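Undergrad: Have a look at the structure that comes next, please.
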Amino acid sequence: EAHEAEWQARATRAETREEEARRAGVAREERAREAEEVARLREHVMREKDQQLGAADSEARRLREDLRQVSEQLMGAEYAMASTERRAHEAVRAKEAQIIEFLRAVEAKAEERDQELEDTRHRLARTEAALAQLMAGQ
């Protein structure tokens with residue numbers, strides 16, 4: 001009976017070790033899956049950020065081209081002023097109104113882009129904080 005009790009105790013300890021090893025393996029697998037998910041999230045966030053920055057750059061280039069065109073139009077208006085004062089004054093007033101409208105549109109667009117970038121920064125900060133928490137949890 002003493003031998004049988006000892007063998008049972010050894011078998012129980014072996015089963016316990018096997019269960020602990022299995023749990024440790026499951027925990028490692030879970031940490032690995034979480035690490036992969038964190039990497040996928042980080043890559044997604046970076047791709048999204050790059051796309052948004054690329055879109056903002058494209059928009060800025062387009063707005064600069066619009067500004068260049070408006071500047072050329074303004075120069076055309078100044079040339080028209082040489083032909084007749086009345087036509088020139090009317091053209092300048094029309095161009096000034098266009099420029100003011102354009103600049104207001106540019107300012108509104110810039111504010112919108114600034115807000116979008118700020119929102120993106122906040123989302124990125126929240127995502128990075130969540131990623132840090134996930135990483136700290138491992």
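Labels for the structure tokens follow display order: chains A, B, ..., residues from 1 in each chain, ligands from 1.
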Report as CSV the residues of segment 84-122 of chain A within 9 Å of segment 43-67 of chain A, each with its shortest atom pair and distance in Å (one decimal), using only C-alpha atoms, ordered by chain and increasing residue number.
TA:
```
residue,atom,partner,partner_atom,distance
A:Ile99,CA,A:Leu67,CA,8.6
A:Phe102,CA,A:Leu67,CA,8.1
A:Leu103,CA,A:Leu67,CA,8.6
A:Val106,CA,A:Leu63,CA,7.1
A:Ala110,CA,A:Ala60,CA,8.7
A:Arg113,CA,A:Ala56,CA,7.0
A:Glu116,CA,A:Gln52,CA,8.8
A:Leu117,CA,A:Gln52,CA,8.0
A:Thr120,CA,A:Lys49,CA,7.3
A:Arg121,CA,A:Lys49,CA,8.8
```
Undergrad: Might you pull out every residue within 12 Å of segment 87-98 of chain A, with only C-alpha atoms counted and same-chain residues fewer than 5 positions away left off, and present them as a PyMOL selection string?
TA: chain A and resi 66-67+69-82+103-106
Undergrad: Convert the current residue selection to file output with C-alpha atoms, as an mmCIF file, in the first residue's frame.
TA:
```
data_model
loop_
_atom_site.group_PDB
_atom_site.id
_atom_site.type_symbol
_atom_site.label_atom_id
_atom_site.label_comp_id
_atom_site.auth_asym_id
_atom_site.auth_seq_id
_atom_site.Cartn_x
_atom_site.Cartn_y
_atom_site.Cartn_z
ATOM 1 C CA ASP A 66 -5.120 76.557 -57.408
ATOM 2 C CA LEU A 67 -3.363 79.440 -55.687
ATOM 3 C CA GLN A 69 -3.707 79.770 -61.057
ATOM 4 C CA VAL A 70 -5.519 82.436 -59.090
ATOM 5 C CA SER A 71 -2.273 84.419 -58.907
ATOM 6 C CA GLU A 72 -1.948 84.179 -62.684
ATOM 7 C CA GLN A 73 -5.538 85.307 -63.033
ATOM 8 C CA LEU A 74 -4.782 88.233 -60.770
ATOM 9 C CA MET A 75 -1.811 89.179 -62.950
ATOM 10 C CA GLY A 76 -4.152 89.011 -65.928
ATOM 11 C CA ALA A 77 -6.494 91.350 -64.120
ATOM 12 C CA GLU A 78 -3.645 93.780 -63.486
ATOM 13 C CA TYR A 79 -2.787 93.704 -67.196
ATOM 14 C CA ALA A 80 -6.439 94.430 -68.045
ATOM 15 C CA MET A 81 -6.214 97.501 -65.814
ATOM 16 C CA ALA A 82 -3.757 99.036 -68.287
ATOM 17 C CA LEU A 103 -8.701 81.950 -49.480
ATOM 18 C CA ARG A 104 -11.722 81.324 -47.274
ATOM 19 C CA ALA A 105 -12.121 77.926 -48.913
ATOM 20 C CA VAL A 106 -8.406 77.238 -48.456
#
```
Undergrad: For segment 13-30 of chain A, work out the shell of residues within 12 Å, counting only C-alpha atoms and skipping chain neighbours fewer than 5 positions away, then give it as a PyMOL selection string.
TA: chain A and resi 6-8+35-37+134+137-138
Undergrad: Go ahead and compute the interatomic distance for atom CA of Arg68 of chain A and atom CA of Glu107 of chain A, in Å to one decimal.
TA: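 Spanning atom CA of Arg68 of chain A to atom CA of Glu107 of chain A is a straight-line distance of 15.8 Å.
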Undergrad: Distance atom CA of Glu112 of chain A-atom CA of Glu128 of chain A, one decimal place?
TA: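 Going from atom CA of Glu112 of chain A over to atom CA of Glu128 of chain A covers 23.8 Å.
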